[in-house]
Structure formats: structure tokens, C-alpha cells
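Visitor: Once you've had a glance at the structure underneath, I'll fire off some questions.
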Amino acid sequence: MEWFPEGGNRFWRWGVTLPGIVLLLAGLALRDGAAVSGPAADLLMAEPAAAAAPEAAAPLLARHERELRPGETLSGALAAMGLDRDLIHDACNTAARWLDLRRLRPGVRLAAHRDSEEAVQKLEIALDGKGVLALARAAESWEGVWRDYERTTATRAVRGELDGGFEAAVVRAGAPADLAYAVAEVLQWDLDFNRGLQRGDTFEILFEERFVEGDPAGLGEVLAVRYRNRGRSIEAYRFAQGAYYDAEGRPLQKMFLRAPLQYTRISSRFSGRRLHPVLKVHRPHYGVDYAAPKGTPVRVTAAGVVSFLGWDGGGGQTVKVRHPNGYLTAYLHLSHYAAGLKAGDRVRQGEVIGYVGATGLATGPHLDYRVQQHGRWIDPQRLGSVPADPVPTTRLAEYQQLRDAMRASLTGDAPFPPPAIPAPESRLAAATALPVERGTVSDPAAAR
């Protein structure tokens, strides 16, 4: 029994006859590296296990591949592949035991295998990131086998030094560029990735990589980071509920983000007396102006409730958000608001609420970001950061054990997780989960 990949695609051909077809379906290599998302996860239906292998037939020699197109049904696609009406009817009825055919989306991959007499003996229906349904002819009917894709997660550590941008340094260290953005989110309260980085900074990152059928399928979680910047060392370790803590168990997350957007420069700072660029008179400037291209997403700096959304005089299109402890933040000169956002909505820290513009009294696209505390305007750049709760005393020893294991992995002294650390599912919930889901041949009831 042999099988060979052809032309770099994801379908495989067999040099076997039908008696071995069901066993061979267990080794189907048709797969895709993308993670399952959206309605694809709901396609699978429950049904009793498949029947035994059909009788022997001629060897499979030819294969016809096709993708489901927009607006096309499975039966229509099979007809376009040259199958006759009765064959299509029987195949669709069998496939419906596993799949909700009404929810199949464009891009689903199909393959029809024909024997030397041009008769279709086998069909394959592959769902991105989920698995493959193989249908084999058995006398007057079809039999099916569903195979889940094998999903694995591995941890890896990378180390590097800045000689330019952070993203370039991460890629040079051998990691995907997306990791740079994930690390920036973890450290955003302690490190200004817009202006605070400098040549010679060093970093160590422990992170997860996800695989589907052995192919890369994106990043998992960032588990630990150590970043040395301007003579200080910033450490972050992932613990319970996915939160990050420093070496002493203090939370990295603060009540306010350092900045509400990715900006190019600060064009004007908080001041009691500033020459207004449009009115040409001296007046207080109660915010910080961040220059950025029009359309740059603006994120709320702390969780709260939208108290105002609309035109606000010289501020143009503005959003104001009330926060605990008497704080209010304002975002001025927006080009437009986040879709569906309205006064009274609750927003999470970091949620996009609008986009940079130049509405109102503005000479160019920028964000005027302002903060009030108990009705008094304060300098956003001097805003006192209110941290979240630290690691509870009752779990501090547990956290320290995990921190030490991650720290050893960052330096390359030990793999993670080490044998001494119990299975994460029993102790840390989302903190260090490294799931491994093996691909199996499953009956319809298992293919949910």
C-alpha cells in the first residue's frame, strides 16, 4: 500500500484496491493549515458509525479536484465534476449524515477518484482546519469515514537584539512577525513601543506555535517575555485567566493604556497656555495630540461606558467615556466612529471606538486625547496607573514555581513545561494550556 503527494496539493492518490479503502481512509493526508473558525465548526452532524468495507473494485487511477464556489451547492459542484444525477443524489444523502450541506462555504475542497472504467469510486470533502469526509462506493450505496485533522501545540523560545525595529528583530530571531505585535500587547503598560525602544535592547520570548497536520497554523499564547530596555528589565509571565504578572507577582495590566493608538509622533502636549494652530490665540490645551494617518484605529484606554458620541464644537466628531473612580476620557477630531457604537454602550479596555480624522478645528489628521478626574482636566501623560490585583497570596508559591520554569526556558536552561510541573488543565486553567488533539478516524457521532 503506497500513497504519494502530487503537485504540492493537499489531495493524495492511492495504489490500492477497495478492500483496503476504509483502513486507508484513516491515513488521509488531505488537510489545511488554517484554524477552524465561524460556521465551519457547526457543520458536523451526529450519525451511527460507518459500515464495513465494500467489495473489491478496479484500482483508482484518476482524480478530479475542485473547490466549492460562491453560491454553489455540493450537488451543483459534483455535477460540474461530471457525476451523474443518481450518483450525486446518493453521495449527498450519505454526506448529509456527517455535514450540514446548507452551511458549506466557498473554498470547501472536493476530490473525485475514478477507476480504469471512469466510474467514480471515492469522493472527498475537506473542511478547512477541521477534517475530511471520505465517501467510498459500496455496491448500491456509499459508505463514509470522517477523519479529524491532527492539531498540536508546541512551545518555543527565541532571543534577539534590536538593530532597528522590533518586528524586524523578532523575525531575525526566527519567529513569525505576528509575535512582535502579541508581545507589544503584553508589555504595552510598561513599554512604549512607539517611542521607547532603542538599538541594543534585548529580548527573550517563550511562546506557543500551533500546527494542523504538522503544518504551521498560527501563534498560540505568549507565555513569558523578558525585555531589557534602557538599563531596566521588564518581565511578564502568563498565569491564571490569561493575565500577565511581573517577577514579583504584580499585574502588568494597568487601569489605563499608555496611548490610545499607534501614532507617528506627539504634535502637541498638555499645556495651560498654547497658541492655537487654527484660531491663532493663546488658550489652554487640555489634551495630548497624537499625529497619525487618517483612519488609524483609536482604542479606549480603560474599560467604561460611552457617555457622549457626536459633534462637539471645535473637537469635531468626539467620543467620551466614563470610567471608575471619577475618570473620563475624551477622543476628539475623529473621522468616524466604530460601527454600531452609541452612547450608553459598555466598552472594554483596548476596544476600537473610532478612527483618526481632522474634523472640527484641526489642521491635519490627529487624535486629541484628554482625561478628566472628578471634573478636572489632567495631563494624560502623567496619569497615575491604577494596577489590577496581584497574584493572591494563596497561589503565590504556585506562581513562583511556574515563573521559575518559564524563566529557565527563556534562557535556554530547560524546556517548558518541565516534568515537575503538573498538567496545566488541573491547575492553571488558561495559564499554560498546551493542548494536543490527535487526528483519528471517527464515526459521525464523534465528528461533532
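Quick note on naming: the chains in the C-alpha cells go A, B, ... in the order shown, residues restart at 1 in each chain, and ligands are numbered from 1 in order of appearance.
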Report as a ChimeraX atom specification all protein, DNA and RNA residues lying within 12 Å of Gln381 of chain A, evaluated on only C-alpha atoms, omitting residues in the same chain fewer than 5 positions from it.

Guide: /A:192,256-260,266,268-271,286-290,369-371

Visitor: For those residues, write C-alpha atoms to a file as a PDB file, in the first residue's frame.

Guide:
```
ATOM      1  CA  ASP A 192       6.178  52.488  24.780  1.00  0.00           C
ATOM      2  CA  PHE A 256      -5.184  52.931  31.520  1.00  0.00           C
ATOM      3  CA  LEU A 257      -3.257  52.156  28.350  1.00  0.00           C
ATOM      4  CA  ARG A 258      -0.159  54.252  27.721  1.00  0.00           C
ATOM      5  CA  ALA A 259      -1.664  55.608  24.491  1.00  0.00           C
ATOM      6  CA  PRO A 260      -4.957  55.128  22.631  1.00  0.00           C
ATOM      7  CA  ILE A 266       3.245  63.729  19.576  1.00  0.00           C
ATOM      8  CA  SER A 268       1.257  68.907  20.958  1.00  0.00           C
ATOM      9  CA  ARG A 269       1.274  68.235  24.699  1.00  0.00           C
ATOM     10  CA  PHE A 270      -0.906  69.171  27.667  1.00  0.00           C
ATOM     11  CA  SER A 271      -0.416  72.877  28.411  1.00  0.00           C
ATOM     12  CA  TYR A 286      -6.119  70.071  27.876  1.00  0.00           C
ATOM     13  CA  GLY A 287      -5.007  67.068  25.872  1.00  0.00           C
ATOM     14  CA  VAL A 288      -2.191  65.338  24.039  1.00  0.00           C
ATOM     15  CA  ASP A 289      -2.226  65.461  20.237  1.00  0.00           C
ATOM     16  CA  TYR A 290      -1.086  62.241  18.562  1.00  0.00           C
ATOM     17  CA  TYR A 369      -6.769  62.655  23.726  1.00  0.00           C
ATOM     18  CA  ARG A 370      -7.992  64.141  27.026  1.00  0.00           C
ATOM     19  CA  VAL A 371      -8.512  62.877  30.581  1.00  0.00           C
TER      20      VAL A 371
END
```

Visitor: Which neighbours of Val356 of chain A fall inside 8 Å, counting only C-alpha atoms, when residues of the same chain fewer than 2 positions from it are skipped, and could you give them as a list in words?

Guide: Ala292, Pro293, Lys294, Gly295, Thr296, Pro297, Val298, His333, Leu334, Ser335, His336, Gly354, Ala358, Pro365, His366 and Leu367 of chain A

Visitor: Store the residues picked out above in a file with N, CA and C atoms, as a PDB file, in the first residue's frame.

Guide:
```pdb
ATOM      1  N   ALA A 292      -1.209  60.933  13.434  1.00  0.00           N
ATOM      2  CA  ALA A 292      -1.346  59.586  12.861  1.00  0.00           C
ATOM      3  C   ALA A 292      -2.121  59.698  11.559  1.00  0.00           C
ATOM      4  N   PRO A 293      -1.946  58.759  10.648  1.00  0.00           N
ATOM      5  CA  PRO A 293      -2.678  58.803   9.375  1.00  0.00           C
ATOM      6  C   PRO A 293      -4.189  58.724   9.592  1.00  0.00           C
ATOM      7  N   LYS A 294      -4.929  59.370   8.710  1.00  0.00           N
ATOM      8  CA  LYS A 294      -6.382  59.300   8.770  1.00  0.00           C
ATOM      9  C   LYS A 294      -6.831  57.844   8.681  1.00  0.00           C
ATOM     10  N   GLY A 295      -7.769  57.479   9.546  1.00  0.00           N
ATOM     11  CA  GLY A 295      -8.284  56.115   9.553  1.00  0.00           C
ATOM     12  C   GLY A 295      -7.594  55.194  10.538  1.00  0.00           C
ATOM     13  N   THR A 296      -6.541  55.674  11.223  1.00  0.00           N
ATOM     14  CA  THR A 296      -5.877  54.844  12.233  1.00  0.00           C
ATOM     15  C   THR A 296      -6.871  54.507  13.342  1.00  0.00           C
ATOM     16  N   PRO A 297      -6.998  53.239  13.756  1.00  0.00           N
ATOM     17  CA  PRO A 297      -7.943  52.885  14.821  1.00  0.00           C
ATOM     18  C   PRO A 297      -7.591  53.561  16.144  1.00  0.00           C
ATOM     19  N   VAL A 298      -8.613  54.048  16.837  1.00  0.00           N
ATOM     20  CA  VAL A 298      -8.472  54.663  18.158  1.00  0.00           C
ATOM     21  C   VAL A 298      -9.110  53.728  19.173  1.00  0.00           C
ATOM     22  N   HIS A 333     -11.693  64.920  17.204  1.00  0.00           N
ATOM     23  CA  HIS A 333     -11.324  65.064  15.785  1.00  0.00           C
ATOM     24  C   HIS A 333     -11.414  63.751  14.999  1.00  0.00           C
ATOM     25  N   LEU A 334     -12.262  62.832  15.419  1.00  0.00           N
ATOM     26  CA  LEU A 334     -12.368  61.541  14.738  1.00  0.00           C
ATOM     27  C   LEU A 334     -12.968  61.705  13.339  1.00  0.00           C
ATOM     28  N   SER A 335     -12.553  60.831  12.433  1.00  0.00           N
ATOM     29  CA  SER A 335     -13.154  60.827  11.093  1.00  0.00           C
ATOM     30  C   SER A 335     -14.508  60.131  11.125  1.00  0.00           C
ATOM     31  N   HIS A 336     -14.609  59.042  11.882  1.00  0.00           N
ATOM     32  CA  HIS A 336     -15.876  58.342  12.073  1.00  0.00           C
ATOM     33  C   HIS A 336     -15.752  57.428  13.286  1.00  0.00           C
ATOM     34  N   GLY A 354     -13.266  54.430  17.430  1.00  0.00           N
ATOM     35  CA  GLY A 354     -13.315  55.372  16.321  1.00  0.00           C
ATOM     36  C   GLY A 354     -12.022  55.352  15.532  1.00  0.00           C
ATOM     37  N   ALA A 358      -9.716  64.614  11.019  1.00  0.00           N
ATOM     38  CA  ALA A 358      -9.350  66.026  11.174  1.00  0.00           C
ATOM     39  C   ALA A 358     -10.614  66.875  11.244  1.00  0.00           C
ATOM     40  N   PRO A 365      -4.838  65.409  10.144  1.00  0.00           N
ATOM     41  CA  PRO A 365      -5.305  64.239  10.902  1.00  0.00           C
ATOM     42  C   PRO A 365      -4.485  64.004  12.166  1.00  0.00           C
ATOM     43  N   HIS A 366      -5.164  63.915  13.279  1.00  0.00           N
ATOM     44  CA  HIS A 366      -4.529  63.604  14.560  1.00  0.00           C
ATOM     45  C   HIS A 366      -5.628  63.271  15.565  1.00  0.00           C
ATOM     46  N   LEU A 367      -5.227  62.738  16.706  1.00  0.00           N
ATOM     47  CA  LEU A 367      -6.157  62.494  17.808  1.00  0.00           C
ATOM     48  C   LEU A 367      -5.799  63.410  18.968  1.00  0.00           C
TER      49      LEU A 367
END
```

Visitor: Just how far from atom CA of Gly313 of chain A is atom CA of Ala338 of chain A, in Å to one decimal?

Guide: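 Separation between atom CA of Ala338 of chain A and atom CA of Gly313 of chain A: 20.0 Å.
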
Visitor: Among the residues of segment 123-348 of chain A, find those DSSP assigns to alpha helix (DSSP H) from the backbone and print them as a VMD selection string.

Guide: chain A and resid 166 to 172 178 to 187

Visitor: Kindly save the residues from that selection, with C-alpha atoms included, as a tab-separated table (two decimals), in the first residue's frame.

Guide:
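Saved result, again_21.tsv, follows:
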```tsv
chain	number	residue	atom	x	y	z
A	166	PHE	CA	11.18	45.32	17.00
A	167	GLU	CA	9.28	43.36	14.34
A	168	ALA	CA	12.43	43.00	12.24
A	169	ALA	CA	14.37	41.79	15.28
A	170	VAL	CA	11.72	39.17	16.08
A	171	VAL	CA	11.74	37.88	12.50
A	172	ARG	CA	15.54	37.84	12.50
A	178	ASP	CA	2.85	38.39	14.44
A	179	LEU	CA	4.76	37.56	17.60
A	180	ALA	CA	6.08	41.14	17.75
A	181	TYR	CA	2.54	42.52	17.93
A	182	ALA	CA	1.49	39.95	20.52
A	183	VAL	CA	4.44	40.89	22.74
A	184	ALA	CA	3.67	44.60	22.31
A	185	GLU	CA	0.17	43.94	23.67
A	186	VAL	CA	1.57	42.11	26.69
A	187	LEU	CA	4.08	44.86	27.57
```

Visitor: For atom CA of Gly160 of chain A and atom CA of Gln241 of chain A, determine how far apart the two atoms are, in Å to one decimal place.

Guide: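 These atoms are spaced 28.5 Å apart.
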